[in-house]
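I have placed the structure first, in the form of C-alpha coordinates, so that the comments after it can refer back to it.
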Amino acid sequence: MEVNEKCDVYSFGVLTLEVIMGKHPGDLISSLSLSSSALSSSNGQAILLKDVLDQRLPHPKDQVAELVVVAAKLASACLNASPVYRPTMQQVARKLSSPRQSLQIEFHLITLGDLLGTKCFTS
(Lines give C-alpha, C1' and ligand atoms only; values in the text may rest on other atoms or scores of the structure.)
Protein backbone atom coordinates (compact mmCIF):
# COMPACT_ATOMS: atom_id res chain seq x y z
CA MET A 1 0.00 0.00 0.00
CA GLU A 2 1.27 3.44 -0.94
CA VAL A 3 0.44 6.38 1.33
CA ASN A 4 -0.36 9.51 -0.70
CA GLU A 5 -3.02 12.18 -1.20
CA LYS A 6 -5.42 9.57 -2.59
CA CYS A 7 -5.63 7.92 0.88
CA ASP A 8 -7.09 11.11 2.37
CA VAL A 9 -9.66 11.33 -0.38
CA TYR A 10 -10.73 7.73 0.37
CA SER A 11 -11.30 8.72 4.01
CA PHE A 12 -13.32 11.71 2.80
CA GLY A 13 -15.53 9.33 0.80
CA VAL A 14 -16.12 7.09 3.81
CA LEU A 15 -16.94 10.04 6.06
CA THR A 16 -19.27 11.60 3.48
CA LEU A 17 -21.25 8.38 3.12
CA GLU A 18 -21.37 7.96 6.89
CA VAL A 19 -22.87 11.44 7.26
CA ILE A 20 -25.58 10.97 4.61
CA MET A 21 -26.35 7.40 5.69
CA GLY A 22 -26.36 8.05 9.42
CA LYS A 23 -24.15 5.00 9.99
CA HIS A 24 -20.86 3.53 8.81
CA PRO A 25 -21.21 2.56 5.13
CA GLY A 26 -19.58 -0.87 5.62
CA ASP A 27 -20.97 -3.21 2.95
CA LEU A 28 -21.97 -0.32 0.71
CA ILE A 29 -18.29 0.50 0.17
CA SER A 30 -17.75 -3.02 -1.18
CA SER A 31 -20.76 -2.62 -3.47
CA LEU A 32 -19.47 0.68 -4.85
CA SER A 33 -16.28 -1.03 -5.99
CA LEU A 34 -18.38 -3.29 -8.22
CA SER A 35 -19.80 -2.35 -11.60
CA SER A 36 -23.04 -0.38 -11.67
CA SER A 37 -24.90 -3.46 -12.92
CA ALA A 38 -23.91 -5.32 -9.75
CA LEU A 39 -25.37 -2.62 -7.50
CA SER A 40 -28.64 -4.36 -6.88
CA SER A 41 -30.41 -5.98 -3.99
CA SER A 42 -30.74 -9.72 -3.54
CA ASN A 43 -33.97 -9.76 -5.57
CA GLY A 44 -32.29 -8.06 -8.53
CA GLN A 45 -33.84 -4.63 -8.02
CA ALA A 46 -31.52 -1.64 -8.28
CA ILE A 47 -30.65 -0.10 -4.92
CA LEU A 48 -32.10 3.40 -4.69
CA LEU A 49 -30.05 6.22 -3.19
CA LYS A 50 -33.02 7.27 -1.05
CA ASP A 51 -33.03 3.81 0.57
CA VAL A 52 -29.46 4.12 1.85
CA LEU A 53 -29.90 7.63 3.27
CA ASP A 54 -30.44 8.16 6.98
CA GLN A 55 -34.07 7.07 7.41
CA ARG A 56 -34.47 9.21 10.54
CA LEU A 57 -34.50 12.32 8.34
CA PRO A 58 -37.08 13.37 5.75
CA HIS A 59 -36.07 12.75 2.15
CA PRO A 60 -34.34 15.79 0.69
CA LYS A 61 -36.10 17.95 -1.87
CA ASP A 62 -35.06 20.46 -4.54
CA GLN A 63 -31.62 22.03 -3.96
CA VAL A 64 -30.90 19.86 -0.94
CA ALA A 65 -31.55 16.74 -3.04
CA GLU A 66 -29.12 18.05 -5.67
CA LEU A 67 -26.48 18.60 -2.98
CA VAL A 68 -27.00 15.10 -1.58
CA VAL A 69 -26.54 13.61 -5.06
CA VAL A 70 -23.36 15.65 -5.62
CA ALA A 71 -22.01 14.49 -2.25
CA ALA A 72 -22.92 10.85 -2.92
CA LYS A 73 -21.37 10.95 -6.43
CA LEU A 74 -18.18 12.47 -5.04
CA ALA A 75 -18.06 9.93 -2.22
CA SER A 76 -18.43 7.03 -4.67
CA ALA A 77 -15.63 8.48 -6.83
CA CYS A 78 -13.40 8.85 -3.75
CA LEU A 79 -13.97 5.19 -2.88
CA ASN A 80 -12.79 3.84 -6.22
CA ALA A 81 -10.87 0.62 -5.59
CA SER A 82 -7.96 1.92 -7.65
CA PRO A 83 -6.34 5.04 -6.14
CA VAL A 84 -5.28 6.11 -9.63
CA TYR A 85 -8.94 6.73 -10.53
CA ARG A 86 -9.84 8.64 -7.36
CA PRO A 87 -10.09 12.41 -7.59
CA THR A 88 -7.67 14.58 -5.64
CA MET A 89 -8.99 16.63 -2.72
CA GLN A 90 -8.41 19.71 -4.87
CA GLN A 91 -10.74 18.26 -7.53
CA VAL A 92 -13.30 17.40 -4.83
CA ALA A 93 -13.15 20.94 -3.43
CA ARG A 94 -13.56 22.41 -6.92
CA LYS A 95 -16.61 20.23 -7.58
CA LEU A 96 -18.18 21.16 -4.24
CA SER A 97 -17.75 24.86 -4.97
CA SER A 98 -18.86 24.74 -8.63
CA PRO A 99 -22.33 25.83 -9.77
CA ARG A 100 -24.97 23.16 -9.28
CA GLN A 101 -26.57 21.28 -12.13
CA SER A 102 -30.22 20.28 -12.15
CA LEU A 103 -31.14 16.67 -11.53
CA GLN A 104 -31.97 14.82 -14.74
CA ILE A 105 -33.66 11.99 -12.85
CA GLU A 106 -36.19 12.47 -10.06
CA PHE A 107 -34.40 12.06 -6.74
CA HIS A 108 -36.49 9.10 -5.59
CA LEU A 109 -35.51 7.18 -8.78
CA ILE A 110 -31.72 7.62 -8.56
CA THR A 111 -29.90 4.33 -8.03
CA LEU A 112 -26.43 3.70 -6.65
CA GLY A 113 -25.44 2.65 -10.15
CA ASP A 114 -26.50 6.09 -11.43
CA LEU A 115 -23.98 7.66 -9.05
CA LEU A 116 -21.18 5.92 -10.91
CA GLY A 117 -22.27 7.33 -14.25
CA THR A 118 -23.15 10.78 -15.50
CA LYS A 119 -26.88 10.44 -15.98
CA CYS A 120 -28.01 12.10 -12.72
CA PHE A 121 -27.52 15.66 -13.95
CA THR A 122 -28.34 17.66 -17.04
CA SER A 123 -25.41 19.30 -18.80
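Numbering starts fresh at 1 for the residues of each chain in the C-alpha coordinates, the chains themselves are lettered A, B, ... in the order given, and ligands are numbered from 1 as they appear.
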
Excluding region 89-96 of chain A and any residue of its chain fewer than 2 positions from it, enumerate the residues within 12 Å of it, using only C-alpha atoms, and give them as number ranges by chain.
-> A: 4-13, 16, 66-78, 86-87, 98-101

Near Lys50 (chain A), within 8 Å and counting only C-alpha atoms, which residues show up once chain neighbours fewer than 2 positions away are dropped, as a PDB file with N, CA, C and O atoms, in the first residue's frame?
ATOM      1  N   LEU A  48     -31.838   1.968  -4.548  1.00  0.00           N
ATOM      2  CA  LEU A  48     -32.099   3.396  -4.687  1.00  0.00           C
ATOM      3  C   LEU A  48     -31.288   4.186  -3.669  1.00  0.00           C
ATOM      4  O   LEU A  48     -31.133   3.764  -2.517  1.00  0.00           O
ATOM      5  N   VAL A  52     -30.670   4.231   1.031  1.00  0.00           N
ATOM      6  CA  VAL A  52     -29.458   4.117   1.853  1.00  0.00           C
ATOM      7  C   VAL A  52     -29.220   5.373   2.681  1.00  0.00           C
ATOM      8  O   VAL A  52     -28.326   5.398   3.521  1.00  0.00           O
ATOM      9  N   LEU A  53     -30.033   6.415   2.472  1.00  0.00           N
ATOM     10  CA  LEU A  53     -29.900   7.631   3.269  1.00  0.00           C
ATOM     11  C   LEU A  53     -30.418   7.384   4.679  1.00  0.00           C
ATOM     12  O   LEU A  53     -31.191   6.462   4.921  1.00  0.00           O
ATOM     13  N   HIS A  59     -36.797  12.796   3.416  1.00  0.00           N
ATOM     14  CA  HIS A  59     -36.072  12.753   2.151  1.00  0.00           C
ATOM     15  C   HIS A  59     -35.838  14.179   1.655  1.00  0.00           C
ATOM     16  O   HIS A  59     -36.732  15.016   1.733  1.00  0.00           O
ATOM     17  N   PHE A 107     -35.238  12.528  -7.840  1.00  0.00           N
ATOM     18  CA  PHE A 107     -34.401  12.057  -6.735  1.00  0.00           C
ATOM     19  C   PHE A 107     -34.780  10.651  -6.280  1.00  0.00           C
ATOM     20  O   PHE A 107     -33.917   9.806  -6.080  1.00  0.00           O
ATOM     21  N   HIS A 108     -36.059  10.394  -6.119  1.00  0.00           N
ATOM     22  CA  HIS A 108     -36.490   9.099  -5.586  1.00  0.00           C
ATOM     23  C   HIS A 108     -36.239   7.934  -6.561  1.00  0.00           C
ATOM     24  O   HIS A 108     -36.409   6.777  -6.192  1.00  0.00           O
ATOM     25  N   ILE A 110     -33.164   7.748  -8.365  1.00  0.00           N
ATOM     26  CA  ILE A 110     -31.717   7.624  -8.562  1.00  0.00           C
ATOM     27  C   ILE A 110     -31.195   6.380  -7.840  1.00  0.00           C
ATOM     28  O   ILE A 110     -31.458   6.174  -6.663  1.00  0.00           O
TER      29      ILE A 110
END

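The two atoms in question, CA of Asp54 (chain A) and CA of Ile20 (chain A), are spaced 6.1 Å apart.
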
d(CA of Ser102 (chain A), CA of Lys23 (chain A)) in Å =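 The value is 27.6 Å.
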
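Distance-wise, CA of Ala46 (chain A) and CA of Thr111 (chain A) end up 6.2 Å apart.
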
So which residues of region 3-113 of chain A fall under strand (DSSP E or B) by DSSP, listed as a PyMOL selection string?
-> chain A and resi 40+46+48+103+111

Just the residues within 10 Å of Pro25 (chain A), please, counting only C-alpha atoms, with nothing from its chain fewer than 3 positions along; format it as a PDB file with all heavy atoms, in the first residue's frame.
ATOM      1  N   GLY A  13     -14.397  10.069   1.357  1.00  0.00           N
ATOM      2  CA  GLY A  13     -15.527   9.328   0.799  1.00  0.00           C
ATOM      3  C   GLY A  13     -16.263   8.522   1.858  1.00  0.00           C
ATOM      4  O   GLY A  13     -17.491   8.516   1.907  1.00  0.00           O
ATOM      5  N   VAL A  14     -15.509   7.865   2.726  1.00  0.00           N
ATOM      6  CA  VAL A  14     -16.122   7.087   3.813  1.00  0.00           C
ATOM      7  C   VAL A  14     -16.908   8.005   4.742  1.00  0.00           C
ATOM      8  O   VAL A  14     -18.062   7.735   5.083  1.00  0.00           O
ATOM      9  CB  VAL A  14     -15.056   6.295   4.615  1.00  0.00           C
ATOM     10  CG1 VAL A  14     -15.668   5.639   5.842  1.00  0.00           C
ATOM     11  CG2 VAL A  14     -14.388   5.249   3.730  1.00  0.00           C
ATOM     12  N   LEU A  15     -16.291   9.104   5.148  1.00  0.00           N
ATOM     13  CA  LEU A  15     -16.941  10.042   6.064  1.00  0.00           C
ATOM     14  C   LEU A  15     -18.189  10.656   5.438  1.00  0.00           C
ATOM     15  O   LEU A  15     -19.227  10.783   6.089  1.00  0.00           O
ATOM     16  CB  LEU A  15     -15.963  11.142   6.472  1.00  0.00           C
ATOM     17  CG  LEU A  15     -16.509  12.181   7.440  1.00  0.00           C
ATOM     18  CD1 LEU A  15     -16.914  11.531   8.759  1.00  0.00           C
ATOM     19  CD2 LEU A  15     -15.485  13.262   7.679  1.00  0.00           C
ATOM     20  N   THR A  16     -18.116  11.012   4.160  1.00  0.00           N
ATOM     21  CA  THR A  16     -19.271  11.599   3.476  1.00  0.00           C
ATOM     22  C   THR A  16     -20.445  10.625   3.462  1.00  0.00           C
ATOM     23  O   THR A  16     -21.578  11.004   3.770  1.00  0.00           O
ATOM     24  CB  THR A  16     -18.893  12.014   2.040  1.00  0.00           C
ATOM     25  OG1 THR A  16     -17.830  12.966   2.111  1.00  0.00           O
ATOM     26  CG2 THR A  16     -20.076  12.608   1.303  1.00  0.00           C
ATOM     27  N   LEU A  17     -20.173   9.381   3.112  1.00  0.00           N
ATOM     28  CA  LEU A  17     -21.254   8.381   3.121  1.00  0.00           C
ATOM     29  C   LEU A  17     -21.801   8.161   4.525  1.00  0.00           C
ATOM     30  O   LEU A  17     -23.010   8.014   4.713  1.00  0.00           O
ATOM     31  CB  LEU A  17     -20.773   7.057   2.532  1.00  0.00           C
ATOM     32  CG  LEU A  17     -20.681   6.993   1.019  1.00  0.00           C
ATOM     33  CD1 LEU A  17     -20.241   5.597   0.577  1.00  0.00           C
ATOM     34  CD2 LEU A  17     -22.000   7.351   0.358  1.00  0.00           C
ATOM     35  N   GLU A  18     -20.923   8.165   5.504  1.00  0.00           N
ATOM     36  CA  GLU A  18     -21.370   7.964   6.886  1.00  0.00           C
ATOM     37  C   GLU A  18     -22.314   9.091   7.314  1.00  0.00           C
ATOM     38  O   GLU A  18     -23.322   8.847   7.982  1.00  0.00           O
ATOM     39  CB  GLU A  18     -20.171   7.888   7.825  1.00  0.00           C
ATOM     40  CG  GLU A  18     -20.531   7.447   9.222  1.00  0.00           C
ATOM     41  CD  GLU A  18     -19.334   7.030  10.046  1.00  0.00           C
ATOM     42  OE1 GLU A  18     -18.223   6.867   9.499  1.00  0.00           O
ATOM     43  OE2 GLU A  18     -19.519   6.856  11.258  1.00  0.00           O
ATOM     44  N   VAL A  19     -22.020  10.304   6.905  1.00  0.00           N
ATOM     45  CA  VAL A  19     -22.869  11.442   7.256  1.00  0.00           C
ATOM     46  C   VAL A  19     -24.239  11.323   6.585  1.00  0.00           C
ATOM     47  O   VAL A  19     -25.273  11.495   7.236  1.00  0.00           O
ATOM     48  CB  VAL A  19     -22.190  12.780   6.879  1.00  0.00           C
ATOM     49  CG1 VAL A  19     -23.168  13.945   6.952  1.00  0.00           C
ATOM     50  CG2 VAL A  19     -20.990  13.032   7.779  1.00  0.00           C
ATOM     51  N   ILE A  20     -24.283  11.012   5.286  1.00  0.00           N
ATOM     52  CA  ILE A  20     -25.582  10.974   4.614  1.00  0.00           C
ATOM     53  C   ILE A  20     -26.369   9.699   4.923  1.00  0.00           C
ATOM     54  O   ILE A  20     -27.591   9.701   4.807  1.00  0.00           O
ATOM     55  CB  ILE A  20     -25.478  11.214   3.092  1.00  0.00           C
ATOM     56  CG1 ILE A  20     -24.713  10.127   2.379  1.00  0.00           C
ATOM     57  CG2 ILE A  20     -24.893  12.565   2.792  1.00  0.00           C
ATOM     58  CD1 ILE A  20     -24.674  10.282   0.865  1.00  0.00           C
ATOM     59  N   MET A  21     -25.661   8.644   5.348  1.00  0.00           N
ATOM     60  CA  MET A  21     -26.352   7.397   5.687  1.00  0.00           C
ATOM     61  C   MET A  21     -26.756   7.334   7.162  1.00  0.00           C
ATOM     62  O   MET A  21     -27.635   6.569   7.530  1.00  0.00           O
ATOM     63  CB  MET A  21     -25.463   6.192   5.370  1.00  0.00           C
ATOM     64  CG  MET A  21     -25.230   5.971   3.899  1.00  0.00           C
ATOM     65  SD  MET A  21     -24.090   4.608   3.587  1.00  0.00           S
ATOM     66  CE  MET A  21     -25.052   3.216   4.182  1.00  0.00           C
ATOM     67  N   GLY A  22     -26.075   8.095   7.995  1.00  0.00           N
ATOM     68  CA  GLY A  22     -26.364   8.047   9.424  1.00  0.00           C
ATOM     69  C   GLY A  22     -25.724   6.869  10.120  1.00  0.00           C
ATOM     70  O   GLY A  22     -26.000   6.593  11.279  1.00  0.00           O
ATOM     71  N   LEU A  28     -21.723  -1.165   1.872  1.00  0.00           N
ATOM     72  CA  LEU A  28     -21.966  -0.316   0.710  1.00  0.00           C
ATOM     73  C   LEU A  28     -20.664   0.030   0.009  1.00  0.00           C
ATOM     74  O   LEU A  28     -20.615   0.112  -1.218  1.00  0.00           O
ATOM     75  CB  LEU A  28     -22.698   0.961   1.128  1.00  0.00           C
ATOM     76  CG  LEU A  28     -23.103   1.896  -0.007  1.00  0.00           C
ATOM     77  CD1 LEU A  28     -24.063   1.192  -0.975  1.00  0.00           C
ATOM     78  CD2 LEU A  28     -23.722   3.154   0.537  1.00  0.00           C
ATOM     79  N   ILE A  29     -19.598   0.191   0.768  1.00  0.00           N
ATOM     80  CA  ILE A  29     -18.295   0.497   0.169  1.00  0.00           C
ATOM     81  C   ILE A  29     -17.869  -0.638  -0.761  1.00  0.00           C
ATOM     82  O   ILE A  29     -17.396  -0.398  -1.866  1.00  0.00           O
ATOM     83  CB  ILE A  29     -17.231   0.759   1.252  1.00  0.00           C
ATOM     84  CG1 ILE A  29     -17.572   2.054   1.980  1.00  0.00           C
ATOM     85  CG2 ILE A  29     -15.836   0.827   0.650  1.00  0.00           C
ATOM     86  CD1 ILE A  29     -16.693   2.346   3.168  1.00  0.00           C
ATOM     87  N   SER A  30     -18.070  -1.876  -0.332  1.00  0.00           N
ATOM     88  CA  SER A  30     -17.746  -3.017  -1.182  1.00  0.00           C
ATOM     89  C   SER A  30     -18.588  -3.009  -2.446  1.00  0.00           C
ATOM     90  O   SER A  30     -18.094  -3.287  -3.540  1.00  0.00           O
ATOM     91  CB  SER A  30     -17.977  -4.328  -0.434  1.00  0.00           C
ATOM     92  OG  SER A  30     -17.174  -4.386   0.707  1.00  0.00           O
ATOM     93  N   VAL A  52     -30.670   4.231   1.031  1.00  0.00           N
ATOM     94  CA  VAL A  52     -29.458   4.117   1.853  1.00  0.00           C
ATOM     95  C   VAL A  52     -29.220   5.373   2.681  1.00  0.00           C
ATOM     96  O   VAL A  52     -28.326   5.398   3.521  1.00  0.00           O
ATOM     97  CB  VAL A  52     -28.197   3.787   1.015  1.00  0.00           C
ATOM     98  CG1 VAL A  52     -28.357   2.455   0.318  1.00  0.00           C
ATOM     99  CG2 VAL A  52     -27.853   4.887   0.048  1.00  0.00           C
TER     100      VAL A  52
END

Return as a PyMOL selection string the full set of residues in region 8-116 of chain A whose backbone-based DSSP assignment is alpha helix (DSSP H).
-> chain A and resi 8-21+27-32+49-52+62-78+89-97+112-116
